[in-house]
>>> print(open('final-v1.cif').read())   # mmCIF, C-alpha atoms
data_upload
loop_
_atom_site.label_atom_id
_atom_site.label_comp_id
_atom_site.auth_asym_id
_atom_site.auth_seq_id
_atom_site.Cartn_x
_atom_site.Cartn_y
_atom_site.Cartn_z
CA MET A 1 0.00 0.00 0.00
CA SER A 2 1.27 3.46 -0.87
CA GLU A 3 2.27 5.57 2.10
CA PHE A 4 0.63 8.93 2.72
CA ASN A 5 2.65 11.99 3.53
CA SER A 6 0.79 14.06 6.09
CA GLU A 7 0.74 17.29 8.03
CA VAL A 8 -1.02 18.26 11.25
CA LEU A 9 -4.50 19.65 10.70
CA PRO A 10 -4.23 23.40 11.40
CA TYR A 11 -5.71 24.66 14.66
CA LEU A 12 -8.06 27.62 14.74
CA THR A 13 -6.67 28.58 18.17
CA ALA A 14 -3.03 28.09 17.16
CA GLY A 15 -1.94 31.28 18.95
CA LEU A 16 -3.06 29.97 22.35
CA PRO A 17 -1.06 27.33 24.28
CA GLY A 18 -2.73 23.97 24.88
CA ILE A 19 -3.34 22.16 28.15
CA GLY A 20 -1.95 18.74 27.17
CA GLY A 21 -3.27 15.89 29.27
CA ILE A 22 -4.66 12.41 28.70
CA LEU A 23 -8.01 11.61 27.12
CA LYS A 24 -10.00 8.42 27.82
CA SER A 25 -7.84 6.98 30.62
CA ILE A 26 -10.95 5.04 31.65
CA ALA A 27 -14.39 4.74 30.08
CA GLU A 28 -15.98 7.02 32.69
CA ASP A 29 -13.73 9.89 31.53
CA PHE A 30 -15.73 10.12 28.28
CA ILE A 31 -19.51 10.15 28.74
CA VAL A 32 -21.84 10.84 25.82
CA GLU A 33 -25.62 10.85 25.80
CA GLU A 34 -27.83 11.11 22.74
CA ILE A 35 -30.34 13.92 22.35
CA PRO A 36 -33.09 12.38 20.17
CA VAL A 37 -35.14 14.27 17.62
CA TYR A 38 -38.30 12.86 19.21
CA ALA A 39 -39.29 10.82 22.26
CA PRO A 40 -40.94 7.42 21.81
CA SER A 41 -44.72 7.77 21.81
CA GLY A 42 -45.49 4.90 24.22
CA LYS A 43 -47.39 2.77 21.70
CA GLY A 44 -46.64 0.85 18.52
CA ASP A 45 -44.97 -2.27 17.13
CA HIS A 46 -41.41 -1.24 17.98
CA LEU A 47 -39.69 -1.17 21.33
CA PHE A 48 -37.24 1.62 22.06
CA LEU A 49 -34.50 0.65 24.53
CA TRP A 50 -32.56 3.35 26.39
CA ILE A 51 -29.18 1.61 26.69
CA GLU A 52 -25.97 2.40 28.52
CA LYS A 53 -22.82 0.69 27.28
CA ARG A 54 -19.20 0.71 28.44
CA ASN A 55 -16.17 -0.18 26.31
CA HIS A 56 -18.19 -1.77 23.51
CA SER A 57 -18.42 -0.70 19.88
CA ALA A 58 -21.74 0.16 18.25
CA GLN A 59 -21.43 -2.90 16.01
CA PHE A 60 -20.84 -5.17 19.01
CA LEU A 61 -23.89 -3.71 20.75
CA VAL A 62 -26.11 -4.54 17.76
CA GLN A 63 -24.66 -8.06 17.47
CA THR A 64 -25.19 -8.74 21.18
CA LEU A 65 -28.79 -7.53 21.12
CA ALA A 66 -29.54 -9.59 18.00
CA ARG A 67 -28.11 -12.74 19.57
CA GLN A 68 -29.76 -12.42 22.98
CA LEU A 69 -33.12 -11.21 21.65
CA GLN A 70 -33.09 -13.81 18.86
CA ILE A 71 -33.65 -11.37 16.00
CA ASN A 72 -31.84 -10.37 12.81
CA SER A 73 -29.44 -7.45 13.27
CA ARG A 74 -31.19 -5.73 10.34
CA ASP A 75 -34.30 -5.41 12.54
CA ILE A 76 -32.39 -3.25 15.05
CA GLY A 77 -32.46 0.53 14.63
CA VAL A 78 -29.91 3.05 15.91
CA ALA A 79 -29.78 6.79 15.35
CA GLY A 80 -26.00 7.19 15.53
CA MET A 81 -22.73 5.34 16.12
CA LYS A 82 -21.21 5.86 19.55
CA ASP A 83 -17.61 5.70 20.76
CA ARG A 84 -16.23 2.38 21.94
CA TYR A 85 -13.94 3.58 24.73
CA ALA A 86 -16.60 5.54 26.58
CA VAL A 87 -19.77 5.38 28.61
CA THR A 88 -22.57 6.03 26.13
CA ARG A 89 -26.35 6.27 26.46
CA GLN A 90 -28.59 5.98 23.44
CA TRP A 91 -31.93 4.77 22.12
CA VAL A 92 -31.99 1.49 20.18
CA SER A 93 -35.15 0.07 18.59
CA VAL A 94 -36.11 -3.60 18.31
CA PRO A 95 -39.36 -5.35 17.28
CA ALA A 96 -41.90 -5.32 20.12
CA GLU A 97 -42.15 -9.12 20.13
CA CYS A 98 -38.73 -9.15 21.82
CA GLU A 99 -40.23 -7.74 25.01
CA PRO A 100 -40.60 -11.11 26.87
CA LEU A 101 -36.84 -11.75 26.46
CA LEU A 102 -35.77 -8.42 27.98
CA SER A 103 -36.12 -9.66 31.57
CA GLU A 104 -33.43 -12.26 30.83
CA PHE A 105 -31.04 -9.89 29.08
CA ALA A 106 -27.68 -9.67 30.81
CA PHE A 107 -24.30 -8.70 29.39
CA GLU A 108 -21.36 -7.04 31.10
CA GLY A 109 -21.01 -3.43 29.97
CA ILE A 110 -24.50 -3.24 28.42
CA THR A 111 -27.48 -2.16 30.53
CA ILE A 112 -31.06 -1.51 29.42
CA LEU A 113 -32.17 1.48 31.50
CA GLU A 114 -35.65 2.06 30.09
CA THR A 115 -38.10 0.71 27.50
CA GLN A 116 -40.80 2.53 25.54
CA ARG A 117 -43.07 1.61 22.63
CA HIS A 118 -43.06 3.51 19.34
CA GLU A 119 -44.78 3.25 15.95
CA ARG A 120 -41.65 3.18 13.78
CA LYS A 121 -38.16 1.72 13.75
CA LEU A 122 -35.40 4.11 14.77
CA LYS A 123 -33.51 5.30 11.69
CA THR A 124 -29.97 6.56 11.21
CA GLY A 125 -29.86 10.33 11.60
CA HIS A 126 -32.90 10.60 13.89
CA LEU A 127 -30.67 12.45 16.31
CA ARG A 128 -30.59 16.10 17.32
CA GLY A 129 -27.17 15.98 18.90
CA ASN A 130 -25.07 14.59 21.75
CA ARG A 131 -24.37 15.78 25.28
CA PHE A 132 -20.79 15.22 26.48
CA SER A 133 -19.03 15.11 29.83
CA ILE A 134 -15.31 14.57 29.29
CA LEU A 135 -12.43 14.59 31.77
CA ILE A 136 -8.88 15.36 30.63
CA ARG A 137 -6.44 13.98 33.19
CA ASN A 138 -2.89 15.14 33.96
CA PRO A 139 -3.02 18.50 32.17
CA CYS A 140 -0.07 20.88 32.22
CA GLU A 141 0.55 23.58 34.82
CA GLU A 142 -1.81 26.54 34.65
CA ALA A 143 -4.14 24.39 32.52
CA PHE A 144 -7.36 25.97 33.74
CA PRO A 145 -6.62 29.59 32.74
CA LYS A 146 -5.25 28.31 29.42
CA ALA A 147 -8.44 26.35 28.85
CA LYS A 148 -10.58 29.39 29.70
CA ALA A 149 -8.69 31.50 27.14
CA ILE A 150 -9.31 28.88 24.44
CA GLN A 151 -12.96 28.59 25.51
CA GLU A 152 -13.45 32.34 25.05
CA LYS A 153 -12.03 32.25 21.52
CA ILE A 154 -14.09 29.20 20.53
CA GLN A 155 -17.27 30.76 21.87
CA GLN A 156 -16.55 33.74 19.64
CA GLU A 157 -15.19 32.03 16.51
CA GLY A 158 -16.32 28.38 16.73
CA PHE A 159 -14.03 25.42 16.02
CA PRO A 160 -13.21 23.59 12.76
CA ASN A 161 -15.71 20.85 11.95
CA TYR A 162 -13.05 18.32 10.89
CA TYR A 163 -13.72 14.63 10.54
CA GLY A 164 -11.68 12.61 13.03
CA ASN A 165 -8.70 10.47 12.05
CA GLN A 166 -10.52 7.28 13.03
CA ARG A 167 -12.70 7.72 9.96
CA MET A 168 -9.68 7.16 7.70
CA GLY A 169 -8.85 3.70 9.06
CA ARG A 170 -5.64 2.26 10.45
CA GLU A 171 -2.68 3.79 8.60
CA ASN A 172 -5.25 5.43 6.29
CA GLU A 173 -6.10 2.10 4.66
CA THR A 174 -9.85 2.78 4.53
CA LEU A 175 -9.20 6.16 2.91
CA LEU A 176 -6.81 4.71 0.35
CA MET A 177 -9.35 2.06 -0.66
CA GLY A 178 -12.01 4.75 -1.08
CA LEU A 179 -9.79 6.82 -3.35
CA LYS A 180 -8.97 3.74 -5.42
CA LEU A 181 -12.65 2.84 -5.77
CA LEU A 182 -13.43 6.34 -7.00
CA ARG A 183 -10.59 6.22 -9.52
CA ASN A 184 -11.74 2.77 -10.67
CA GLU A 185 -8.46 1.20 -9.57
CA ARG A 186 -8.06 -2.34 -8.31
CA VAL A 187 -8.89 -2.99 -4.65
CA PRO A 188 -9.10 -6.16 -2.51
CA GLY A 189 -12.27 -8.13 -3.20
CA LYS A 190 -13.76 -7.48 0.24
CA TYR A 191 -14.16 -3.79 -0.66
CA VAL A 192 -16.17 -4.81 -3.71
CA ARG A 193 -18.33 -7.53 -2.14
CA ASN A 194 -18.97 -6.00 1.29
CA LYS A 195 -21.28 -3.00 0.98
CA SER A 196 -20.50 -1.78 4.51
CA LEU A 197 -16.76 -1.73 3.86
CA LYS A 198 -17.30 -0.04 0.53
CA ARG A 199 -19.48 2.62 2.16
CA LEU A 200 -16.86 3.24 4.87
CA ALA A 201 -14.08 3.55 2.30
CA LEU A 202 -15.97 5.97 0.07
CA SER A 203 -17.06 8.01 3.09
CA ALA A 204 -13.42 8.23 4.22
CA ALA A 205 -12.48 9.67 0.83
CA GLN A 206 -15.26 12.26 1.04
CA SER A 207 -14.18 13.13 4.61
CA CYS A 208 -10.54 13.57 3.64
CA LEU A 209 -11.46 15.93 0.81
CA PHE A 210 -13.64 17.98 3.16
CA ASN A 211 -10.78 18.21 5.68
CA ARG A 212 -8.42 19.35 2.93
CA VAL A 213 -10.74 22.11 1.74
CA LEU A 214 -11.34 23.23 5.34
CA SER A 215 -7.65 23.21 6.27
CA ASP A 216 -6.79 25.28 3.20
CA ARG A 217 -9.42 27.80 4.19
CA ILE A 218 -7.87 28.09 7.67
CA SER A 219 -4.32 28.33 6.31
CA ASP A 220 -5.43 31.14 3.97
CA HIS A 221 -7.12 33.00 6.87
CA MET A 222 -10.47 32.83 5.09
CA LEU A 223 -12.49 30.64 7.46
CA HIS A 224 -14.58 33.57 8.71
CA MET A 225 -14.65 35.40 5.38
CA VAL A 226 -17.70 34.92 3.14
CA LEU A 227 -16.58 34.68 -0.49
CA LEU A 228 -18.48 35.19 -3.71
CA GLY A 229 -19.63 31.70 -4.71
CA ASP A 230 -19.70 30.23 -1.17
CA VAL A 231 -22.45 27.75 -0.34
CA MET A 232 -24.06 28.93 2.89
CA GLN A 233 -26.33 27.04 5.28
CA VAL A 234 -29.11 28.76 7.21
CA CYS A 235 -28.51 27.77 10.84
CA GLU A 236 -32.18 27.60 11.87
CA SER A 237 -33.68 25.78 8.89
CA GLY A 238 -30.66 23.97 7.42
CA GLY A 239 -31.43 25.32 3.96
CA ILE A 240 -28.50 26.08 1.64
CA PHE A 241 -27.89 28.74 -0.99
CA VAL A 242 -25.03 30.14 -3.07
CA VAL A 243 -23.69 33.66 -2.51
CA GLU A 244 -24.06 35.18 -5.99
CA ASP A 245 -24.17 38.84 -4.97
CA ASP A 246 -24.18 41.19 -1.95
CA VAL A 247 -21.25 39.51 -0.20
CA GLU A 248 -21.27 42.26 2.43
CA ARG A 249 -24.84 41.42 3.46
CA GLU A 250 -24.03 37.71 3.68
CA GLN A 251 -20.93 38.47 5.74
CA GLU A 252 -23.15 40.30 8.22
CA ARG A 253 -25.59 37.34 8.43
CA PHE A 254 -22.65 34.99 9.01
CA SER A 255 -21.27 37.25 11.76
CA LEU A 256 -24.68 37.14 13.47
CA HIS A 257 -24.62 33.29 13.30
CA GLU A 258 -27.69 33.31 11.07
CA THR A 259 -25.74 31.36 8.45
CA VAL A 260 -22.53 29.33 8.25
CA ILE A 261 -20.08 28.67 5.40
CA THR A 262 -20.09 25.07 4.18
CA GLY A 263 -17.58 22.72 2.63
CA PRO A 264 -18.00 19.84 0.17
CA ILE A 265 -19.10 16.29 0.80
CA MET A 266 -18.40 15.42 -2.83
CA GLY A 267 -21.13 13.73 -4.84
CA PRO A 268 -23.54 14.22 -7.75
CA LYS A 269 -26.29 15.78 -5.58
CA MET A 270 -23.97 18.21 -3.79
CA LYS A 271 -24.77 21.91 -4.16
CA GLN A 272 -21.91 23.33 -6.21
CA PRO A 273 -20.20 26.60 -5.32
CA THR A 274 -19.34 29.14 -8.01
CA HIS A 275 -16.58 31.60 -8.89
CA GLY A 276 -13.32 31.27 -6.93
CA VAL A 277 -14.80 28.89 -4.36
CA LEU A 278 -15.47 26.36 -7.10
CA GLU A 279 -11.85 26.73 -8.22
CA ARG A 280 -10.60 26.09 -4.68
CA GLU A 281 -12.60 22.85 -4.40
CA GLN A 282 -11.62 21.73 -7.89
CA LYS A 283 -7.95 22.25 -6.99
CA ILE A 284 -8.25 19.70 -4.16
CA LEU A 285 -9.92 17.18 -6.49
CA ASP A 286 -7.09 17.68 -8.98
CA GLU A 287 -4.48 16.98 -6.28
CA PHE A 288 -6.06 13.56 -5.71
CA SER A 289 -6.51 12.85 -9.44
CA LEU A 290 -10.27 12.91 -8.99
CA GLU A 291 -13.21 14.44 -10.84
CA LEU A 292 -16.66 15.12 -9.45
CA SER A 293 -18.05 12.68 -12.05
CA HIS A 294 -16.13 9.84 -10.33
CA PHE A 295 -18.59 10.00 -7.43
CA SER A 296 -21.46 9.14 -9.78
CA ARG A 297 -20.03 5.61 -10.01
CA TYR A 298 -21.40 5.05 -6.51
CA LYS A 299 -24.19 7.63 -6.47
CA LYS A 300 -26.23 5.72 -3.87
CA LEU A 301 -23.26 5.69 -1.48
CA THR A 302 -21.76 9.08 -2.38
CA SER A 303 -24.76 11.24 -3.23
CA GLY A 304 -23.05 14.32 -1.80
CA ALA A 305 -24.00 17.14 0.59
CA ARG A 306 -22.58 20.25 2.24
CA ARG A 307 -21.15 20.32 5.78
CA PRO A 308 -20.60 23.41 7.98
CA PHE A 309 -16.98 24.49 8.25
CA LEU A 310 -17.52 25.81 11.79
CA ILE A 311 -19.37 24.65 14.89
CA TRP A 312 -20.20 26.67 17.98
CA PRO A 313 -20.59 24.24 20.92
CA ASP A 314 -23.67 24.72 23.05
CA GLN A 315 -23.59 24.91 26.86
CA LEU A 316 -19.77 24.73 26.95
CA LYS A 317 -18.60 24.61 30.57
CA ILE A 318 -15.11 23.98 31.93
CA GLU A 319 -14.37 23.03 35.52
CA GLN A 320 -11.17 22.29 37.40
CA THR A 321 -11.43 19.13 39.51
CA ASP A 322 -9.06 17.06 41.64
CA ASP A 323 -8.64 14.67 38.70
CA GLY A 324 -8.11 17.19 35.90
CA ILE A 325 -10.17 19.51 33.68
CA LEU A 326 -13.82 18.58 33.14
CA PHE A 327 -15.53 19.66 29.90
CA GLN A 328 -19.30 19.64 29.42
CA PHE A 329 -20.96 20.64 26.14
CA VAL A 330 -23.55 19.76 23.51
CA LEU A 331 -22.74 19.21 19.82
CA PRO A 332 -24.93 18.59 16.77
CA SER A 333 -25.03 15.04 15.45
CA GLY A 334 -22.12 14.15 13.19
CA VAL A 335 -19.68 16.52 14.92
CA TYR A 336 -16.60 15.02 16.60
CA ALA A 337 -16.04 15.94 20.26
CA THR A 338 -12.38 15.03 19.82
CA MET A 339 -12.05 17.81 17.23
CA LEU A 340 -13.21 20.32 19.83
CA LEU A 341 -10.91 18.90 22.51
CA ARG A 342 -7.85 18.94 20.22
CA GLU A 343 -8.09 22.74 20.17
CA PHE A 344 -7.66 22.63 23.96
CA MET A 345 -5.06 19.83 24.22
CA LYS A 346 -2.86 20.63 21.19
CA GLN A 347 -0.79 17.49 21.47
CA GLU A 348 -2.45 14.75 19.43
CA SER A 349 -1.42 13.91 15.89
CA SER A 350 -4.59 14.52 13.88
CA VAL A 351 -3.12 14.63 10.42
CA LEU A 352 -4.12 15.61 6.96
CA PRO A 353 -3.18 12.91 4.42
CA SER A 354 -1.42 14.35 1.41
CA SER A 355 -2.04 13.41 -2.20
CA ASP A 356 1.71 12.90 -2.73
CA SER A 357 2.89 9.34 -3.44
CA LEU A 358 -0.61 7.97 -4.07
#
>>> encode(input="final-v1.cif", output="structure tokens")
Amino acid sequence: MSEFNSEVLPYLTAGLPGIGGILKSIAEDFIVEEIPVYAPSGKGDHLFLWIEKRNHSAQFLVQTLARQLQINSRDIGVAGMKDRYAVTRQWVSVPAECEPLLSEFAFEGITILETQRHERKLKTGHLRGNRFSILIRNPCEEAFPKAKAIQEKIQQEGFPNYYGNQRMGRENETLLMGLKLLRNERVPGKYVRNKSLKRLALSAAQSCLFNRVLSDRISDHMLHMVLLGDVMQVCESGGIFVVEDDVEREQERFSLHETVITGPIMGPKMKQPTHGVLEREQKILDEFSLELSHFSRYKKLTSGARRPFLIWPDQLKIEQTDDGILFQFVLPSGVYATMLLREFMKQESSVLPSSDSL
């Protein structure tokens, strides 16, 4: 496999010193709880389970439920994938006929806290956001005032909505397979036969391209500058539009947090930018020897979308404890808590794979 050259993803708070420390020493240091779009209604043919898990992957959770409740894993619904090395709480749906078996359910690290009926199966994306409580142990000296300075800047300017490194696979293998699939190059058979692996690989390629466009925008000091041709998202409704005129007015709306600048999740249904913004995104595709038309080869898996460049965390609180620095905050679904924490810690090696030597 070709090796990737890489560079550290640029920080938005690069001028402020980090606090260092250790993340996820134990599962209880990283607690995440789903905020659902809706609560179960209390009636229907599906059973919603409010589940707490410790040190288990989302895939393992589904497999364990399927085995113990004697159902097919395809009949289980989840709204989002949760971290493995953490304490997580989330809704999971199963067919209501499983209810008699729940009293016998027992598995270390998986606890069913509550059950409720609902009319429909839980679907991916039926998630408003996630609430986090995260402890960073063994921070540096004067960590608390340093963290407060970073907090103030992030509350003003947001933080970069990067995809996390874990999305790219071990040694970027998942990413490399995705790029090869898009370029119609030969890949191991499992990436052709297994739809889940194929989806992960293609998603990794889309994520890498988004990170590249975002990092270039930061490096060019344009992350908070609305450009002619930008694709904007309305914060309240989620609607998107292209800035074709009156850049000054759109800059004012962005500054008021009415809108946010978006980056590309490449695909045939993605809203295209115009003018110089289109040139910037095309430049990244060129670096990876890709064309937008390549994503049409897998249009069901890579339909395309736009993703906000910046996120402002909600209810961000920082507290000094005997064990370290405790962070509490709420993020929209699909946003990586680790990408917020890296702005505070400034010591991990989140990297940006380069197109060189591919």
>>> closest_residue(input="final-v1.cif", among="A:His221, A:Arg131, A:His118, A:Arg212", to="A:Gln282", atoms="all atoms listed in the file")
A:Arg212
>>> residues_near_point(input="final-v1.cif", point="(-12.7, 2.8, -4.9)", cutoff="10 Å", atoms="only C-alpha atoms", output="PyMOL selection string")
chain A and resi 174-188+191-192+198-199+201-202+205+294-295+297-298
>>> resolve_selection(input="final-v1.cif", expression="the PyMOL selection byres ((chain A and resi 265-275) around 7)", output="PDB file with C-alpha atoms, in the coordinates of the input")
ATOM      1  CA  GLN A 206     -15.260  12.260   1.040  1.00  0.00           C
ATOM      2  CA  SER A 207     -14.180  13.130   4.610  1.00  0.00           C
ATOM      3  CA  PHE A 210     -13.640  17.980   3.160  1.00  0.00           C
ATOM      4  CA  LEU A 228     -18.480  35.190  -3.710  1.00  0.00           C
ATOM      5  CA  GLY A 229     -19.630  31.700  -4.710  1.00  0.00           C
ATOM      6  CA  ASP A 230     -19.700  30.230  -1.170  1.00  0.00           C
ATOM      7  CA  VAL A 231     -22.450  27.750  -0.340  1.00  0.00           C
ATOM      8  CA  VAL A 242     -25.030  30.140  -3.070  1.00  0.00           C
ATOM      9  CA  GLY A 263     -17.580  22.720   2.630  1.00  0.00           C
ATOM     10  CA  PRO A 264     -18.000  19.840   0.170  1.00  0.00           C
ATOM     11  CA  GLY A 276     -13.320  31.270  -6.930  1.00  0.00           C
ATOM     12  CA  VAL A 277     -14.800  28.890  -4.360  1.00  0.00           C
ATOM     13  CA  LEU A 278     -15.470  26.360  -7.100  1.00  0.00           C
ATOM     14  CA  GLU A 279     -11.850  26.730  -8.220  1.00  0.00           C
ATOM     15  CA  LEU A 292     -16.660  15.120  -9.450  1.00  0.00           C
ATOM     16  CA  PHE A 295     -18.590  10.000  -7.430  1.00  0.00           C
ATOM     17  CA  SER A 296     -21.460   9.140  -9.780  1.00  0.00           C
ATOM     18  CA  LYS A 299     -24.190   7.630  -6.470  1.00  0.00           C
ATOM     19  CA  THR A 302     -21.760   9.080  -2.380  1.00  0.00           C
ATOM     20  CA  SER A 303     -24.760  11.240  -3.230  1.00  0.00           C
ATOM     21  CA  GLY A 304     -23.050  14.320  -1.800  1.00  0.00           C
ATOM     22  CA  ALA A 305     -24.000  17.140   0.590  1.00  0.00           C
ATOM     23  CA  ARG A 306     -22.580  20.250   2.240  1.00  0.00           C
ATOM     24  CA  ARG A 307     -21.150  20.320   5.780  1.00  0.00           C
TER      25      ARG A 307
END
>>> closest_residue(input="final-v1.cif", among="A:Ser289, A:Thr338, A:Ser41, A:Gln70", to="A:Asn165", atoms="only C-alpha atoms")
A:Thr338
>>> residues_near_point(input="final-v1.cif", point="(-17.1, 26.4, 11.3)", cutoff="9 Å", atoms="only C-alpha atoms", output="MDAnalysis selection string")
chainID A and resid 157:161 214 223:224 260:262 308:312
>>> residues_around(input="final-v1.cif", residues="A:Lys153", least_positions_apart="6", cutoff="12 Å", atoms="all atoms listed in the file", output="list in words")
Leu12, Thr13, Ala14, Gly15, Leu16, Lys146, Ala147, Phe159, Trp312, Pro313, Glu343 and Phe344 of chain A
>>> atom_distance(input="final-v1.cif", atom1="atom CA of A:Ile19", atom2="atom CA of A:Met345")
4.9 Å
>>> atom_distance(input="final-v1.cif", atom1="atom CA of A:Glu97", atom2="atom CA of A:Glu114")
16.3 Å
>>> closest_atom_pairs(input="final-v1.cif", of="stretch 37-96 of chain A", to="stretch 104-113 of chain A", cutoff="10 Å", atoms="all atoms listed in the file", output="JSON lines")
{"residue": "A:Leu49", "atom": "CA", "partner": "A:Ile112", "partner_atom": "CA", "distance": 6.4}
{"residue": "A:Trp50", "atom": "CA", "partner": "A:Leu113", "partner_atom": "CA", "distance": 5.5}
{"residue": "A:Ile51", "atom": "CA", "partner": "A:Ile112", "partner_atom": "CA", "distance": 4.6}
{"residue": "A:Glu52", "atom": "CA", "partner": "A:Thr111", "partner_atom": "CA", "distance": 5.2}
{"residue": "A:Lys53", "atom": "CA", "partner": "A:Ile110", "partner_atom": "CA", "distance": 4.4}
{"residue": "A:Arg54", "atom": "CA", "partner": "A:Gly109", "partner_atom": "CA", "distance": 4.8}
{"residue": "A:Asn55", "atom": "CA", "partner": "A:Gly109", "partner_atom": "CA", "distance": 6.9}
{"residue": "A:His56", "atom": "CA", "partner": "A:Gly109", "partner_atom": "CA", "distance": 7.2}
{"residue": "A:Leu61", "atom": "CA", "partner": "A:Ile110", "partner_atom": "CA", "distance": 7.7}
{"residue": "A:Thr64", "atom": "CA", "partner": "A:Phe107", "partner_atom": "CA", "distance": 8.3}
{"residue": "A:Leu65", "atom": "CA", "partner": "A:Phe105", "partner_atom": "CA", "distance": 8.6}
{"residue": "A:Gln68", "atom": "CA", "partner": "A:Phe105", "partner_atom": "CA", "distance": 6.7}
{"residue": "A:Leu69", "atom": "CA", "partner": "A:Phe105", "partner_atom": "CA", "distance": 7.8}
{"residue": "A:Val87", "atom": "CA", "partner": "A:Gly109", "partner_atom": "CA", "distance": 9.0}
{"residue": "A:Thr88", "atom": "CA", "partner": "A:Ile110", "partner_atom": "CA", "distance": 9.7}
{"residue": "A:Arg89", "atom": "CA", "partner": "A:Leu113", "partner_atom": "CA", "distance": 9.1}
{"residue": "A:Gln90", "atom": "CA", "partner": "A:Ile112", "partner_atom": "CA", "distance": 9.9}
{"residue": "A:Trp91", "atom": "CA", "partner": "A:Ile112", "partner_atom": "CA", "distance": 9.7}
{"residue": "A:Val92", "atom": "CA", "partner": "A:Ile112", "partner_atom": "CA", "distance": 9.8}
>>> resolve_selection(input="final-v1.cif", expression="the PyMOL selection byres ((chain A and resi 315) around 7)", output="mmCIF file with C-alpha atoms, in the coordinates of the input")
data_model
loop_
_atom_site.group_PDB
_atom_site.id
_atom_site.type_symbol
_atom_site.label_atom_id
_atom_site.label_comp_id
_atom_site.auth_asym_id
_atom_site.auth_seq_id
_atom_site.Cartn_x
_atom_site.Cartn_y
_atom_site.Cartn_z
ATOM 1 C CA PRO A 313 -20.590 24.240 20.920
ATOM 2 C CA ASP A 314 -23.670 24.720 23.050
ATOM 3 C CA LEU A 316 -19.770 24.730 26.950
ATOM 4 C CA LYS A 317 -18.600 24.610 30.570
ATOM 5 C CA PHE A 329 -20.960 20.640 26.140
ATOM 6 C CA VAL A 330 -23.550 19.760 23.510
#
>>> closest_atom_pairs(input="final-v1.cif", of="stretch 53-149 of chain A", to="stretch 320-324 of chain A", cutoff="7 Å", atoms="only C-alpha atoms", output="JSON lines")
{"residue": "A:Leu135", "atom": "CA", "partner": "A:Gly324", "partner_atom": "CA", "distance": 6.5}
{"residue": "A:Ile136", "atom": "CA", "partner": "A:Gly324", "partner_atom": "CA", "distance": 5.6}
{"residue": "A:Arg137", "atom": "CA", "partner": "A:Gly324", "partner_atom": "CA", "distance": 4.5}
{"residue": "A:Asn138", "atom": "CA", "partner": "A:Gly324", "partner_atom": "CA", "distance": 5.9}
{"residue": "A:Pro139", "atom": "CA", "partner": "A:Gly324", "partner_atom": "CA", "distance": 6.4}
{"residue": "A:Phe144", "atom": "CA", "partner": "A:Gln320", "partner_atom": "CA", "distance": 6.4}
>>> closest_residue(input="final-v1.cif", among="A:Pro17, A:Pro145, A:Pro332, A:Pro10", to="A:Cys235", atoms="all atoms listed in the file")
A:Pro332
>>> atom_distance(input="final-v1.cif", atom1="atom CA of A:His257", atom2="atom CA of A:Gln156")
10.3 Å
>>> closest_residue(input="final-v1.cif", among="A:Lys43, A:Leu209, A:Gly164, A:Thr259", to="A:Leu290", atoms="only C-alpha atoms")
A:Leu209
>>> closest_residue(input="final-v1.cif", among="A:Arg67, A:Arg84, A:Arg74, A:Lys300", to="A:Lys24", atoms="only C-alpha atoms")
A:Arg84
>>> resolve_selection(input="final-v1.cif", expression="the PyMOL selection byres ((chain A and resi 125) around 9)", output="ChimeraX atom specification")
/A:37,78-80,122-124,126-128,333-334
>>> write_last_selection(input="final-v1.cif", atoms="C-alpha atoms", output="PDB file, in the frame of the given file")
ATOM      1  CA  VAL A  37     -35.140  14.270  17.620  1.00  0.00           C
ATOM      2  CA  VAL A  78     -29.910   3.050  15.910  1.00  0.00           C
ATOM      3  CA  ALA A  79     -29.780   6.790  15.350  1.00  0.00           C
ATOM      4  CA  GLY A  80     -26.000   7.190  15.530  1.00  0.00           C
ATOM      5  CA  LEU A 122     -35.400   4.110  14.770  1.00  0.00           C
ATOM      6  CA  LYS A 123     -33.510   5.300  11.690  1.00  0.00           C
ATOM      7  CA  THR A 124     -29.970   6.560  11.210  1.00  0.00           C
ATOM      8  CA  HIS A 126     -32.900  10.600  13.890  1.00  0.00           C
ATOM      9  CA  LEU A 127     -30.670  12.450  16.310  1.00  0.00           C
ATOM     10  CA  ARG A 128     -30.590  16.100  17.320  1.00  0.00           C
ATOM     11  CA  SER A 333     -25.030  15.040  15.450  1.00  0.00           C
ATOM     12  CA  GLY A 334     -22.120  14.150  13.190  1.00  0.00           C
TER      13      GLY A 334
END
>>> closest_residue(input="final-v1.cif", among="A:Val213, A:Ala86, A:Ser25, A:Glu34", to="A:Lys283", atoms="all atoms listed in the file")
A:Val213
